[in-house]
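> Structure supplied as input32.cif; contents: mmCIF, C-alpha atoms.
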```
data_final
loop_
_atom_site.label_atom_id
_atom_site.label_comp_id
_atom_site.auth_asym_id
_atom_site.auth_seq_id
_atom_site.Cartn_x
_atom_site.Cartn_y
_atom_site.Cartn_z
CA MET A 1 -35.88 94.16 147.55
CA ARG A 2 -33.95 94.73 150.75
CA ARG A 3 -32.74 98.27 151.33
CA ASN A 4 -29.95 99.59 153.52
CA ASP A 5 -28.10 102.83 154.17
CA GLY A 6 -25.74 102.14 151.29
CA ASP A 7 -28.59 102.15 148.77
CA ALA A 8 -30.05 105.63 148.58
CA ALA A 9 -32.98 105.38 146.19
CA ALA A 10 -31.74 101.83 145.80
CA ASP A 11 -34.32 100.05 143.68
CA CYS A 12 -35.40 101.42 140.35
CA GLY A 13 -38.40 99.76 138.96
CA GLY A 14 -41.08 98.80 137.25
CA THR A 15 -43.80 101.19 136.04
CA LYS A 16 -43.45 104.58 134.43
CA ALA A 17 -44.20 107.63 136.54
CA ALA A 18 -45.05 111.00 135.00
CA ALA A 19 -42.23 112.01 132.67
CA SER A 20 -40.45 115.29 133.15
CA THR A 21 -41.51 117.97 130.69
CA ALA A 22 -37.99 119.34 130.49
CA GLY A 23 -35.63 117.45 128.23
CA ARG A 24 -32.50 118.22 130.17
CA VAL A 25 -32.31 118.25 133.95
CA ARG A 26 -29.58 120.19 135.69
CA VAL A 27 -27.80 118.11 138.30
CA ILE A 28 -26.48 119.92 141.36
CA GLY A 29 -23.79 118.51 143.60
CA VAL A 30 -20.17 118.82 144.65
CA ILE A 31 -18.07 116.80 142.21
CA SER A 32 -14.32 116.27 142.41
CA ALA A 33 -12.10 117.59 139.64
CA GLY A 34 -11.57 115.08 136.87
CA ALA A 35 -14.74 113.15 137.69
CA ARG A 36 -16.13 110.92 134.96
CA ARG A 37 -19.05 112.50 133.12
CA ILE A 38 -22.01 110.11 132.94
CA ALA A 39 -25.07 110.79 130.80
CA VAL A 40 -28.34 109.57 132.35
CA VAL A 41 -31.14 109.48 129.77
CA GLU A 42 -34.34 108.45 131.53
CA ASP A 43 -37.81 109.99 131.33
CA GLU A 44 -39.03 108.72 134.70
CA GLU A 45 -37.99 111.41 137.14
CA THR A 46 -37.71 109.20 140.24
CA ILE A 47 -35.38 106.73 138.52
CA ARG A 48 -33.36 109.48 136.85
CA GLU A 49 -32.78 111.32 140.12
CA GLY A 50 -31.95 108.11 141.97
CA ILE A 51 -29.27 107.22 139.43
CA CYS A 52 -27.80 110.72 139.62
CA VAL A 53 -27.65 110.59 143.43
CA ALA A 54 -25.80 107.27 143.28
CA LEU A 55 -23.37 108.56 140.64
CA ARG A 56 -22.53 111.66 142.66
CA ARG A 57 -21.97 109.47 145.71
CA ASP A 58 -19.40 107.55 143.63
CA GLN A 59 -17.69 110.82 142.61
CA CYS A 60 -19.02 110.79 139.06
CA GLU A 61 -20.53 113.81 137.31
CA PRO A 62 -24.06 112.95 136.14
CA VAL A 63 -25.69 114.94 133.36
CA ALA A 64 -29.36 114.03 133.09
CA PHE A 65 -31.84 114.18 130.22
CA GLY A 66 -35.56 113.51 130.14
CA ASP A 67 -35.74 112.54 126.46
CA GLY A 68 -33.57 111.11 123.72
CA HIS A 69 -33.57 114.15 121.46
CA ALA A 70 -32.22 116.45 124.16
CA ALA A 71 -29.47 113.94 124.92
CA TRP A 72 -28.53 113.61 121.24
CA GLU A 73 -28.20 117.38 120.87
CA ALA A 74 -25.81 117.42 123.82
CA PHE A 75 -23.83 114.41 122.54
CA GLN A 76 -23.14 116.23 119.28
CA ILE A 77 -21.37 118.93 121.28
CA ALA A 78 -19.53 116.74 123.80
CA LEU A 79 -19.49 112.99 124.39
CA PRO A 80 -19.90 111.57 127.90
CA ASP A 81 -17.50 109.06 129.43
CA LEU A 82 -20.41 106.60 129.73
CA ALA A 83 -24.11 106.66 128.87
CA ILE A 84 -27.02 105.08 130.73
CA LEU A 85 -30.03 104.92 128.40
CA ASP A 86 -33.63 103.92 128.92
CA ILE A 87 -35.15 102.26 125.85
CA GLY A 88 -38.66 103.73 126.08
CA LEU A 89 -37.80 107.42 125.74
CA PRO A 90 -39.95 110.22 124.28
CA ARG A 91 -38.92 112.17 121.16
CA MET A 92 -36.15 109.67 120.33
CA ASP A 93 -36.11 106.17 121.81
CA GLY A 94 -33.04 104.65 123.41
CA LEU A 95 -32.33 102.27 120.53
CA GLU A 96 -32.11 105.10 118.00
CA LEU A 97 -30.05 107.18 120.42
CA CYS A 98 -27.67 104.24 120.85
CA ARG A 99 -27.31 103.88 117.07
CA ARG A 100 -26.47 107.54 116.69
CA LEU A 101 -24.06 107.54 119.62
CA ARG A 102 -22.29 104.48 118.22
CA ALA A 103 -21.99 106.20 114.84
CA ARG A 104 -20.10 108.99 116.63
CA SER A 105 -17.98 106.78 118.88
CA GLU A 106 -17.30 103.09 119.41
CA ARG A 107 -15.43 103.82 122.62
CA VAL A 108 -18.17 105.28 124.85
CA PRO A 109 -19.59 102.50 127.06
CA ILE A 110 -23.40 102.23 126.93
CA ILE A 111 -25.72 100.60 129.46
CA PHE A 112 -29.41 100.11 128.71
CA VAL A 113 -32.05 100.09 131.44
CA THR A 114 -35.45 98.89 130.33
CA SER A 115 -38.82 97.78 131.65
CA ARG A 116 -39.48 95.75 128.49
CA GLU A 117 -39.55 92.05 129.18
CA GLU A 118 -39.17 90.84 125.62
CA GLU A 119 -35.76 89.27 124.96
CA PHE A 120 -35.85 90.80 121.47
CA ASP A 121 -35.41 94.30 122.84
CA ARG A 122 -32.44 93.37 125.00
CA VAL A 123 -30.73 91.42 122.21
CA LEU A 124 -31.36 94.22 119.71
CA GLY A 125 -29.82 96.70 122.13
CA LEU A 126 -26.63 94.64 122.29
CA GLU A 127 -26.56 94.14 118.55
CA ILE A 128 -26.63 97.87 117.86
CA GLY A 129 -23.77 98.53 120.24
CA ALA A 130 -24.74 98.56 123.92
CA ASP A 131 -22.19 97.06 126.30
CA ASP A 132 -24.60 95.96 129.00
CA TYR A 133 -28.22 96.14 130.12
CA LEU A 134 -30.38 95.94 133.24
CA CYS A 135 -34.09 95.16 133.40
CA LYS A 136 -36.32 97.09 135.78
CA PRO A 137 -36.72 96.77 138.67
CA PHE A 138 -32.98 96.77 139.38
CA SER A 139 -30.72 97.40 142.34
CA MET A 140 -28.92 100.74 142.24
CA ARG A 141 -25.93 99.02 143.79
CA GLU A 142 -25.76 96.60 140.85
CA LEU A 143 -26.03 99.43 138.32
CA MET A 144 -23.16 101.30 139.99
CA ALA A 145 -21.04 98.13 139.99
CA ARG A 146 -21.55 97.78 136.23
CA VAL A 147 -20.74 101.45 135.67
CA LYS A 148 -17.45 101.01 137.51
CA VAL A 149 -16.57 97.90 135.50
CA LEU A 150 -17.18 99.61 132.17
CA LEU A 151 -15.25 102.72 133.18
CA ARG A 152 -12.29 100.58 134.25
CA ARG A 153 -12.34 98.74 130.94
CA ALA A 154 -12.49 101.97 128.97
CA ALA A 155 -9.62 103.60 130.86
CA HIS A 156 -6.33 103.44 128.97
CA SER A 157 -3.34 102.25 130.94
CA GLY A 158 -0.37 104.58 131.27
CA GLY A 159 3.31 104.02 131.79
CA SER A 160 5.20 100.89 130.82
CA ARG A 161 3.31 97.91 129.51
CA GLN A 162 3.05 94.61 131.33
CA PRO A 163 3.66 91.49 129.23
CA SER A 164 -0.10 90.87 129.00
CA GLU A 165 -0.51 94.41 127.64
CA GLU A 166 1.85 94.05 124.68
CA ALA A 167 0.25 94.40 121.27
CA PHE A 168 0.17 91.06 119.45
CA SER A 169 -0.78 89.78 116.01
CA ILE A 170 -2.29 86.59 114.66
CA GLY A 171 -1.78 86.66 110.92
CA ASP A 172 -3.74 89.66 109.62
CA LEU A 173 -5.21 90.48 113.05
CA LEU A 174 -3.48 93.06 115.27
CA VAL A 175 -4.68 93.53 118.86
CA ASP A 176 -3.48 96.34 121.15
CA PRO A 177 -4.64 95.79 124.77
CA VAL A 178 -3.53 99.22 125.96
CA ARG A 179 -5.21 101.30 123.29
CA LEU A 180 -8.12 98.84 123.09
CA THR A 181 -7.79 98.75 119.31
CA VAL A 182 -8.06 95.96 116.74
CA SER A 183 -7.13 96.07 113.07
CA TRP A 184 -7.60 93.53 110.28
CA LYS A 185 -5.25 93.66 107.29
CA GLY A 186 -4.25 97.14 108.42
CA ALA A 187 -7.83 98.44 108.59
CA PRO A 188 -9.10 99.51 112.04
CA ILE A 189 -12.17 97.72 113.38
CA GLY A 190 -14.32 99.91 115.60
CA LEU A 191 -15.24 97.79 118.62
CA THR A 192 -16.96 98.56 121.88
CA VAL A 193 -15.02 97.76 125.04
CA THR A 194 -16.90 94.51 125.56
CA GLU A 195 -16.42 93.48 121.93
CA PHE A 196 -12.71 94.21 122.20
CA LEU A 197 -12.38 91.98 125.27
CA LEU A 198 -14.13 89.12 123.47
CA VAL A 199 -11.89 89.41 120.39
CA GLN A 200 -8.81 89.61 122.62
CA ALA A 201 -9.83 86.48 124.54
CA LEU A 202 -10.35 84.50 121.33
CA ALA A 203 -7.18 85.79 119.65
CA ARG A 204 -4.96 84.98 122.63
CA ARG A 205 -5.85 81.28 122.21
CA PRO A 206 -6.10 80.71 118.45
CA GLY A 207 -7.61 77.37 117.57
CA ALA A 208 -8.91 76.76 121.10
CA VAL A 209 -12.65 76.54 121.66
CA LEU A 210 -13.72 78.94 124.39
CA SER A 211 -17.02 78.21 126.05
CA ARG A 212 -19.56 80.97 126.58
CA ASP A 213 -18.74 80.81 130.29
CA GLN A 214 -15.06 81.45 129.54
CA LEU A 215 -15.95 84.35 127.26
CA MET A 216 -18.26 85.75 129.94
CA ASP A 217 -15.37 85.67 132.41
CA SER A 218 -13.16 87.54 129.93
CA ALA A 219 -15.69 90.23 128.99
CA TYR A 220 -17.60 90.49 132.29
CA PRO A 221 -15.10 89.67 135.07
CA ASP A 222 -17.15 91.41 137.76
CA ARG A 223 -20.52 90.15 136.64
CA THR A 224 -22.46 87.43 138.43
CA THR A 225 -24.82 86.48 135.60
CA VAL A 226 -24.78 87.01 131.86
CA SER A 227 -26.96 85.01 129.50
CA ASP A 228 -25.56 82.91 126.66
CA ARG A 229 -27.61 85.06 124.33
CA THR A 230 -25.63 88.13 125.40
CA ILE A 231 -22.36 86.58 124.18
CA ASP A 232 -24.00 85.41 120.96
CA SER A 233 -25.29 88.92 120.25
CA HIS A 234 -21.85 90.45 120.77
CA VAL A 235 -20.18 87.87 118.51
CA LYS A 236 -22.74 88.48 115.76
CA ARG A 237 -21.99 92.19 115.83
CA ILE A 238 -18.22 91.59 115.90
CA ARG A 239 -18.48 89.43 112.78
CA ARG A 240 -20.50 92.11 110.97
CA LYS A 241 -17.82 94.67 111.70
CA PHE A 242 -15.01 92.49 110.34
CA LEU A 243 -17.11 91.59 107.29
CA SER A 244 -17.67 95.27 106.55
CA VAL A 245 -13.88 95.58 106.13
CA ASP A 246 -13.27 92.19 104.53
CA PRO A 247 -16.28 90.30 103.07
CA ALA A 248 -14.18 87.10 103.12
CA PHE A 249 -13.55 87.23 106.89
CA SER A 250 -14.29 83.86 108.50
CA ARG A 251 -11.94 83.56 111.45
CA ILE A 252 -14.47 83.51 114.33
CA ASP A 253 -16.13 80.11 114.26
CA ALA A 254 -19.11 78.86 116.27
CA VAL A 255 -18.64 75.32 117.57
CA TYR A 256 -22.08 73.86 118.12
CA GLY A 257 -22.79 73.15 121.77
CA ALA A 258 -19.30 74.25 122.84
CA GLY A 259 -18.64 77.94 122.17
CA TYR A 260 -16.42 79.94 119.80
CA ARG A 261 -12.86 79.89 118.52
CA TYR A 262 -10.53 82.07 116.50
CA GLY A 263 -9.49 79.82 113.63
CA GLY A 264 -8.85 79.73 109.93
CA ALA A 265 -5.72 79.90 107.77
CA ASP A 266 -3.81 82.10 110.23
CA THR A 267 -3.77 79.40 112.89
#
```
When written as C-alpha cells, how does the structure in this file appear?


Amino acid sequence: MRRNDGDAAADCGGTKAAASTAGRVRVIGVISAGARRIAVVEDEETIREGICVALRRDQCEPVAFGDGHAAWEAFQIALPDLAILDIGLPRMDGLELCRRLRARSERVPIIFVTSREEEFDRVLGLEIGADDYLCKPFSMRELMARVKVLLRRAAHSGGSRQPSEEAFSIGDLLVDPVRLTVSWKGAPIGLTVTEFLLVQALARRPGAVLSRDQLMDSAYPDRTTVSDRTIDSHVKRIRRKFLSVDPAFSRIDAVYGAGYRYGGADT
C-alpha cells in the first residue's frame, strides 16, 4: 500500500509478530483534556503501537492491552469511549471480550480488526455486538476514519433539538434520536449505535422497503464499502433483541431481493 507523511505506521497487516508478554501497555503522550478514551486490545506489538500513535495524533487517549483478560479487568473498573479489538487474542479472545463488554454496555462502539479471512468470523463478530470491522492488512487512515464516525454517532447532541432530532413513535415503538434510545411497548431495547441508526431509518419510513444500499447510507454515511451481509447480520441481532422483550414482535420484514421494511399492524 502507498504510504505518505500522513500515515505514520500506516498499514497494519497480515501476520502475527511476537506478542507482548505484558497484558497492559502504558501509553505515553500529551493528550488534551477531555480526549476520548480508546481501548486498543491487540497482541501484536507493532500494530498495537501503530494504532496508539494514530489515536494520539487525532487527540484521543489510547489505553493499550496485549491480551483480552487484561482488557476485561480494566473494563470492569471503567469503560472506554470506544474499543478496538483483535479477534485472535491470548487469554481471552476478542469475540468473548466483545460479548462481555456488550453485557456491560450497549452504548460503547466496538471495532474488530482481524487477520481471519473466513466470513463466519466477521459475521459472528457483528452478531454479538460489534459495530464495524477491518480485515488485516488495513490502512491506518481508514481505521481512524471509522473511529471518528463511531465517536460522532455515539456523541449525544446538546441544546435544542432540530426537527429531525425529535423523539417519534410508530405504534408501540418509541425512537429518541438525541438519546439514541429505542423502546418497545415501554420496554427499553439495548441497541448499539449502528443498530439504532438502522431501526431509526426503517421507522422513519414505515411500510417503505429500504434497500440494503439505503440502509448502508443511513448506518454508515462515511463508509465507502459495506457488504450486504453486514446489514443482514445487524438486522438479525436487532430482531433477537426485540423478540427478547416481546416474543410476538414481527415488525421488521425482509423483502426478498429488495431489502427490509418496518411493517405490521402499526402501519

> Which residues of range 113-209 of chain A sit at most 10 Å from range 239-260 of chain A, using all atoms listed in the file? Give each one's shortest atom pair and distance in Å (one decimal place), in chain and ascending residue order, as a tab-separated table.


```
residue	atom	partner	partner_atom	distance
A:Glu127	CA	A:Arg240	CA	9.9
A:Leu173	CA	A:Arg251	CA	9.8
A:Ser183	CA	A:Phe242	CA	9.1
A:Trp184	CA	A:Phe242	CA	7.5
A:Lys185	CA	A:Asp246	CA	8.6
A:Ala187	CA	A:Val245	CA	7.1
A:Pro188	CA	A:Val245	CA	8.6
A:Ile189	CA	A:Lys241	CA	6.6
A:Gly190	CA	A:Lys241	CA	7.4
A:Leu191	CA	A:Lys241	CA	8.0
A:Val199	CA	A:Ile252	CA	8.8
A:Leu202	CA	A:Tyr260	CA	7.7
A:Ala203	CA	A:Ile252	CA	9.3
A:Pro206	CA	A:Arg251	CA	9.6
A:Gly207	CA	A:Tyr260	CA	9.4
A:Ala208	CA	A:Tyr260	CA	8.3
A:Val209	CA	A:Tyr260	CA	5.4
```

> Using only C-alpha atoms, which protein or nucleic acid residues come within 10 Å of range 86-97 of chain A? Drop anything in the same chain fewer than 2 positions from it, and give the result as a ChimeraX atom specification.

/A:16,19,23,40-44,48,66-72,75,83-84,99-103,111-116,121-122,124-126,128-130,133-135

> Can you list, as an mmCIF file with C-alpha atoms, keeping the file's coordinate frame, the residues that the PyMOL selection byres ((chain A and resi 58) around 10) selects here?


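The new file out.cif reads:
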```
data_model
loop_
_atom_site.group_PDB
_atom_site.id
_atom_site.type_symbol
_atom_site.label_atom_id
_atom_site.label_comp_id
_atom_site.auth_asym_id
_atom_site.auth_seq_id
_atom_site.Cartn_x
_atom_site.Cartn_y
_atom_site.Cartn_z
ATOM 1 C CA ILE A 31 -18.070 116.800 142.210
ATOM 2 C CA ALA A 35 -14.740 113.150 137.690
ATOM 3 C CA ARG A 36 -16.130 110.920 134.960
ATOM 4 C CA CYS A 52 -27.800 110.720 139.620
ATOM 5 C CA VAL A 53 -27.650 110.590 143.430
ATOM 6 C CA ALA A 54 -25.800 107.270 143.280
ATOM 7 C CA LEU A 55 -23.370 108.560 140.640
ATOM 8 C CA ARG A 56 -22.530 111.660 142.660
ATOM 9 C CA ARG A 57 -21.970 109.470 145.710
ATOM 10 C CA GLN A 59 -17.690 110.820 142.610
ATOM 11 C CA CYS A 60 -19.020 110.790 139.060
ATOM 12 C CA GLU A 61 -20.530 113.810 137.310
ATOM 13 C CA MET A 144 -23.160 101.300 139.990
ATOM 14 C CA LYS A 148 -17.450 101.010 137.510
#
```

> Between A:Val123, A:Ala64, A:Ile110, A:Ile238, single out the one closest to Ile51 in chain A, counting only C-alpha atoms.

A:Ala64

> Name the residues within 7 Å of (-15.0, 103.0, 119.8), counting all atoms listed in the file in the file's coordinates, and put them as a list in words.

Ser105, Glu106, Arg107, Val108, Gly190, Leu191 and Thr192 of chain A

> My list of candidates is A:Ala78, A:Val182, A:Leu85, A:Ile170. Which is closest to Ile47 in chain A when distances are computed with all atoms listed in the file?

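So, comparing all the options, the nearest one is A:Leu85.
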
> Selected by the PyMOL selection byres ((chain A and resi 152) around 12) in the shown coordinates: which residues, as a PyMOL selection string?

chain A and resi 36+81-82+109+145-151+153-157+193-194+220-222

> Would you mind reading off the distance between CA of Glu195 in chain A and CA of His234 in chain A, one decimal, in Å?

6.3 Å

> So how many Å separate CA of Gln76 in chain A and CA of Phe196 in chain A, to one decimal?

24.5 Å

> Here is a test: counting all atoms listed in the file, which residue of A:Ser139, A:Thr181, A:Thr230, A:Ser169 is nearest to Arg204 in chain A?

A:Ser169

> Given the file shown, enumerate the residues that the PyMOL selection byres ((chain A and resi 167) around 7) captures and present them as a PyMOL selection string.

chain A and resi 165-166+168+175-177

> Go through A:Ile38, A:Gly171, A:Arg179, A:Leu198 and flag the residue nearest Ser211 in chain A, using all atoms listed in the file for the distances.

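Result for the nearest residue to Ser211 in chain A: A:Leu198.
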
> To one decimal place, how far is CA of Pro80 in chain A from CA of Phe138 in chain A in Å?

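Distance reported for this atom pair: 22.8 Å.
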
> Using all atoms listed in the file, find the one residue out of A:Gly186, A:Gly34, A:Tyr262, A:Arg229 that sits nearest to Leu174 in chain A.

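Of all the options, A:Gly186 lies closest to Leu174 in chain A.
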